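Student: My structure is below; once you've seen it, I'll send some questions.
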Amino acid sequence: MTQDFDLKKIEEHWVNKWRDDEVFKAKPDKRKKFYLTVAYPYPSGSMHVGHGRTYTVPDVIARFKRMQGYNVLFPMAWHVTGSPVLGIAERIKKKDAKALKLYGELYKVPQKILDTFTKPENIVKYFSEEYKKNMTLMGYSIDWDREFLTTTPQYSRFIEWQYHTLHKKDLIRKGEHPVRYCPRCDNPVGDHDLLEGENATINEFTIIKFMCDDIVLPAATLRPETIFGVTNMWLNSDIDYVKTKVEDETWLLSKEAAEKLKNAGKRVEVIGVIKGKEFIGKSCTSPFNDTVPILPAPFVDPDYATGVVMSVPAHAPYDYIALRDMESDIKPISIIKTSEGGNIPAKDIIEDLKIINQKDKKLEEATETLYRIEHAKGVMKETIKDYGGMLVREVKEELTQKLIKEGKGTIFYEFSQKPVVCRCGTKCFIKLLKDQWFLEYSNPDWKKKAHQSINEMNIIPEETKQNFSYFIDWLKDWACTRRVGLGTKLPWDEDWLIEPLSDSTIYMSYYTISPQLKDINPEKLKPGFFDYILLGKGNIQDVADTCKIDPEKLQKIQDEFRYWYPSEWRLSAKDLVGNHLTFHVFHHTAIFPEKYWPKGIVVFGMGLSEGEKMSSSKGNIILLSDVIERYGSDAVRLFLMGNAEPWQDFDWRETLIKNTSKKLKQFHNQINYAFNLENDISLRDIDRWMMSRIEESIKDTVEALDRFQTRKALQSAFFNLLNDLLWYKRRCKPNSKITKDLADKWVRLMAPFTPFICEQLWSQIPGKNSIVSLASYPLPDLEKINPVTIQKEQTLKGILRDIQNILDVTCVKPNKIHLYPAPEWKRKLFNLLKEGKTINDAMKDTQIRANGKIAANIIKKTIKEEIPEIVLTLDEEYTALSNAKEFLKKEFKSDIIIHKTPGYDPENKEKNAKPMKPGIYIED
RNA sequence: GCGGGGGUACCCUAGCUGGCCAAAGGGGCAGGACUUAAGAUCCUGUGGUGUAGACCUUCGAGGGUUCGAAUCCCUUCCCCCGCACCA
């Protein structure tokens with residue numbers, strides 16, 4: 001056994017060894033299988049410690065299960081479909097300073113390679129290699145034979161098959177859909193493509209058509225139900241409006257609005273300019289035949305919705321105060337009641353907030369609050385025709401539908417915040433994409449199956465189940481195609497690409513067959529192939545004929561799928577619960593029979609750095625490659641697994657990780673010590689205690705790992721055992737039989753967490769010729785857990801604390817320490833109390849009755865729950881103390897006198913004694 | 001707003017099917033042992049008081065249930081995450 005501790009060399013050696021011996025290759029065999037997958041990375045940047053955690057957790061579990069004798073499949077692939085890299089390439093091409101800084105400095109891409117990043121393919125290629133390198137360095141036990149890119153032709157065939165299947169089941173339909181759109185890039189833009197306005201959402205306004213002679217005044221509102229309380233119309237008298245032909249009608253619109261309507265896909269033609277002024281004093285008629293005057297309103301923003309606003313002073317604070325400021329005699333018409341009371345809600349809230357005039361900033365708050373209350377709790381007043389008594393929420397929905405149906409209204413999309421600016425610097429607008437394909441997640445039958453799947457599934461942490469349930473109900477139809485990006489073409493409509501979240505729903509099944517497909521010409525992978533392999537449909541010979549694939553090979557592929565599927569666990573970060581993971585459930589229920597539905601999901605927390613969220617904009621990203629270099633993979637793994645449970649957010653702290661390195665070295669030293677020790681001590685109580693603790697730790701570790709509790713597992717597998725060993729060494733001259741047993745088990749116990757150092761240590765234990773990654777994981781030997789021994793040791797620790805406490809308070813230097821273990825009757829009393837016996841019951845015992853007064857006192861002070869499981873007998877406690885006499889002597893540098901029967905006791909300390917808490921008298 | 005998760009000592013966190021909880025573990029800090037010294041390692045302490053192993057006050061705030069609450073109930077304040085067509 002060598003003492004060297006060259007982590008770099010050790011890690012390099014074992015990475016090579018594992019690879020050369022093909023240790024992690026997963027092939028079907030007679031063993032029970034265990035399949036876990038984790039979301040494949042989108043390699044558009046360098047791997048940071050957050051990713052490190054995400055992929056270390058499944059590796060620890062994979063290693064644990066493998067050592068338990070399971071045939072483990074842990075695969076990895078690269079998600080390269082989508083559009084973000086296109087944007088990145090574009091920015092690099094334009095020498096965008098931010099992008100260059102991010103990739104050059106933060107992600108440390110060498111300049112030479114950075115220069116090639118003008119092509120998106122080069123970006124994903126570089127970073128997927130980067131990821132793979134780091135994953136290998138981290139010691140992940142991945143079967144790399146199954147690796148693929150989502151642009152791999154065979155994979156595309158698989159996606160096509162999936163979409164064919166869904167299409168056939170009528171779960172995909174055509175529709176239209178509003179998106180943020182950049183006119184210059186000619187593309188929809190996502191959050192990360194934005195320079196400004198990331199938080200802007202798309203609001204759905206209802207346009208209500210008021211008629212003024214033959215011109216439509218399209219009033220845009222978020223609250224169509226207030227149409228019944230409209231008292232007047234607002235037009236900005238200071239601006240020019242445009243007379244516009246919209247489809248077959250003539251509308252009055254602000255210039256901006258006309259443009260937006262055109263973008264939204266309406267046929268729009270401007271035919272003239274009209275000043276707002278010209279309409280002032282006229283009146284117009286609502287779809288419900290109410291005629292109201294048109295009033296001037298300089299506050300109407302032409303760039304907000306249509307520039308035409310209906311006024312509902314009873315429910316809109318802006319309208320109320322505008323009318324008041326102009327001293328109009330128009331009376332508000334209240335149409336909604338809430339429990340809050342008040343007749344004119346807008347007036348009430350204005351008075352509550354002490355709003356003085358239209359300029360007041362608090363108006364916004366007032367509007368929002370009132371909107372919220374009325375939307376949540378409002379009911380239409382009984383006097384309203386057709387809608388009286390209905391909830392505002394419902395009326396809104398129904399009324400809009402009705403107006404649209406009757407041609408008296410339409411929908412208008414507007415950003416909730418402005419401006420919204422694309423990374424290229426261009427102002428975005430909302431475009432209505434037509435002919436878009438949707439996955440019909442709104443389908444009630446589909447939702448039902450998804451719910452069923454979730455209900456039957458193991459989900460960690462358990463609370464997330466509710467989350468899933470919520471998302472399943474909340475999910476509407478999902479636009480599953482894009483015009484641009486990398487990806488698979490929609491097979492029946494090749495102008496569209498399948499969107500990246502939609503092509504990643506059942507790919508876990510692809511891993512099971514991926515290596516087999518590598519040498520098959522993708523042309524041959526017709527839908528019938530996947531039907532046969534994954535669904536067992538069709539006749540093998542027919543499939544072999546149409547696809548021109550050897551039937552034997554087909555059978556082998558199908559067997560392999562059937563061996564591995566379904567996955568025991570799917571792991572992913574919590575921000576994907578609402579989309580990816582839920583899609584994953586949806587698609588499995590649609591495509592596969594129930595026996596192939598996923599069996600479990602684990603949801604991860606996020607990564608922080610020194611207490612702050614890691615983000616490229618903050619620049620506080622900790623690269624995995626950097627910390628591997630600095631501390632070594634084992635230390636990084638140990639830290640990531642021990643800092644928090646997987647579903648909690650973890651915090652990367654430099655001071656803590658430094659300490660982890662120390663701990664690792666300590667582990668190394670202790671193991672060395674433990675199995676190099678040689679002596680011939682026969683088994684003592686203290687050895688049995690150490691043995692018990694080893695087995696307890698194993699038990700706790702296995703239980704925790706079965707629940708993905710890596711932190712808890714490490715608590716027992718590492719910290720508890722370490723502390724116990726230290727205590728053992730302090731307490732006695734360790735028994736080498738025990739320490740060797742400990743070393744042997746401890747190394748295996750820790751192997752899933754810190755595989756490199758464990759391999760190294762394992763290889764140095766005489767007689768171990770296999771590698772620890774394939775050794776058996778310790779099973780707890782419950783027989784060896786001896787509760788009495790544990791209780792004895794706990795008693796001793798208690799005494800140690802008590803003596804220390806007394807010494808601290810009294811500041812005496814002990815010369816003699818007397819210990820008085822409690823007499824047998826007190827133990828009897830404890831046992832009776834533990835059984836729930838009353839005072840009367842206890843007093844039936846003659847011994848106890850003889851000490852009635854003290855006994856009653858003890859009964860009063862002692863609560864059943866405080867009594868430990870095991871109450872030592874006087875003999876047991878006396879032996880324990882006697883055995884520890886030399887130890888106590890050494891600890892306190894004092895004589896120790898143990899009184900089994902009453903003897904020298906000048907301060908009558910004996911009476912204080914309780915079972916496992918002897919009386920103590922200290923002489924100086 | 002809706003949905004989910006949280007607020008525990010100097011810091012991070014465990015506990016939260018009520019009583020062995022002044023509250024595990026880790027970090028930091030302080031003291032001690034070892035050492036020529038430093039480092040490493042080990043031990044002790046780390047809410048307050050106390051010349052005897054105790055007592056008092058604490059688990060965001062307020063109230064309640066109970067013989068007893070960090071744990072259960074109500075109210076309230078604060079923090080984090082998601083709310084979409086994007087990975």
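Here, A, B, ... name the chains of the structure tokens in the order displayed, residue numbers run from 1 inside each chain, and ligands are numbered from 1 in the same displayed order.
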Dump as a ChimeraX atom specification the residues of chain B that approach chain A to within 10 Å, counting only C-alpha atoms (C1' of nucleotides).

Tutor: /B:1,3-5,12-14,19-20,25-28,40-44,50-53,80-87

Student: Per DSSP on the backbone, filter range 145-350 of chain A down to the residues in strand (DSSP E or B) and report them as a PyMOL selection string.

Tutor: chain A and resi 149+172-182+187-188+194-196+202-212+215-221+232-235+240-246+249-254+268-275+283-285+291-296+308-311+336-337

Student: Counting only C-alpha atoms (C1' of nucleotides), which of B:A22, B:C16, B:C59, B:A38 gets nearest to U71 in chain B?

Tutor: B:C16

Student: If we count only C-alpha atoms (C1' of nucleotides) and set the cut-off at 8 Å, which residues sit around range 102-107 of chain A, ignoring sequence neighbours fewer than 5 positions away in its own chain? Please answer as an MDAnalysis selection string.

Tutor: chainID A and resid 45:46 114 616 619 621 623

Student: List the neighbours of Phe667 in chain A out to 12 Å using only C-alpha atoms (C1' of nucleotides); skip same-chain residues closer than 3 positions along the sequence, and give me the result as a VMD selection string.

Tutor: chain A and resid 5 634 to 635 638 660 to 664 670 to 674 717 to 719 721 to 723 725 to 726 743 746 to 747 750 754 757 to 758 761

Student: Write the selection just made, keeping C-alpha atoms, as a PDB file, in the first residue's frame?

Tutor:
ATOM      1  CA  PHE A   5      -2.039  10.840  -3.112  1.00  0.00           C
ATOM      2  CA  ASP A 634     -13.837  12.938  -6.406  1.00  0.00           C
ATOM      3  CA  ALA A 635     -13.843  16.080  -4.305  1.00  0.00           C
ATOM      4  CA  LEU A 638     -18.401  14.475  -2.941  1.00  0.00           C
ATOM      5  CA  THR A 660     -14.103  18.606   1.015  1.00  0.00           C
ATOM      6  CA  SER A 661     -10.669  17.994  -0.447  1.00  0.00           C
ATOM      7  CA  LYS A 662      -9.304  17.721   3.064  1.00  0.00           C
ATOM      8  CA  LYS A 663     -12.005  15.280   4.030  1.00  0.00           C
ATOM      9  CA  LEU A 664     -11.165  13.127   1.091  1.00  0.00           C
ATOM     10  CA  GLN A 670      -8.042   6.469   7.656  1.00  0.00           C
ATOM     11  CA  ILE A 671      -8.583   3.620   5.220  1.00  0.00           C
ATOM     12  CA  ASN A 672      -4.846   3.186   4.955  1.00  0.00           C
ATOM     13  CA  TYR A 673      -4.558   3.097   8.686  1.00  0.00           C
ATOM     14  CA  ALA A 674      -7.515   0.742   9.004  1.00  0.00           C
ATOM     15  CA  ALA A 717     -21.597   6.579   4.644  1.00  0.00           C
ATOM     16  CA  PHE A 718     -19.018   9.232   5.225  1.00  0.00           C
ATOM     17  CA  PHE A 719     -19.379  11.574   8.184  1.00  0.00           C
ATOM     18  CA  LEU A 721     -18.502   6.438   9.957  1.00  0.00           C
ATOM     19  CA  LEU A 722     -15.589   8.826  10.129  1.00  0.00           C
ATOM     20  CA  ASN A 723     -16.721  10.165  13.490  1.00  0.00           C
ATOM     21  CA  LEU A 725     -13.867   5.550  13.732  1.00  0.00           C
ATOM     22  CA  LEU A 726     -12.327   8.552  15.443  1.00  0.00           C
ATOM     23  CA  ALA A 743     -11.942  -0.608   5.451  1.00  0.00           C
ATOM     24  CA  TRP A 746     -16.221   1.532   3.764  1.00  0.00           C
ATOM     25  CA  VAL A 747     -14.421   1.653   0.457  1.00  0.00           C
ATOM     26  CA  MET A 750     -18.135   5.199  -0.756  1.00  0.00           C
ATOM     27  CA  THR A 754     -15.862   8.934  -4.965  1.00  0.00           C
ATOM     28  CA  ILE A 757     -10.033   7.095  -4.826  1.00  0.00           C
ATOM     29  CA  CYS A 758     -12.088   4.040  -3.937  1.00  0.00           C
ATOM     30  CA  LEU A 761      -7.749   2.012  -2.309  1.00  0.00           C
TER      31      LEU A 761
END

Student: What's the separation between CA of Ala77 in chain A and CA of Phe24 in chain A, in Å to one decimal place?

Tutor: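 Between these atoms lies a distance of 15.5 Å.
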
Student: Tell me, as a ChimeraX atom specification, which residues lie within 7 Å of range 408-420 of chain A, counting only C-alpha atoms (C1' of nucleotides); anything in the same chain fewer than 2 positions away does not count.

Tutor: /A:196-197,200-209,287,305,403-404,406,422,427-428,430

Student: Record the distance separating CA of Pro566 in chain A and CA of Pro444 in chain A, expressed in Å with one decimal.

Tutor: 24.7 Å

Student: To test your reading of the structure, identify every residue in range 549-755 of chain A that backbone DSSP assigns to alpha helix (DSSP H), and report it as a count of residues only.

Tutor: 120
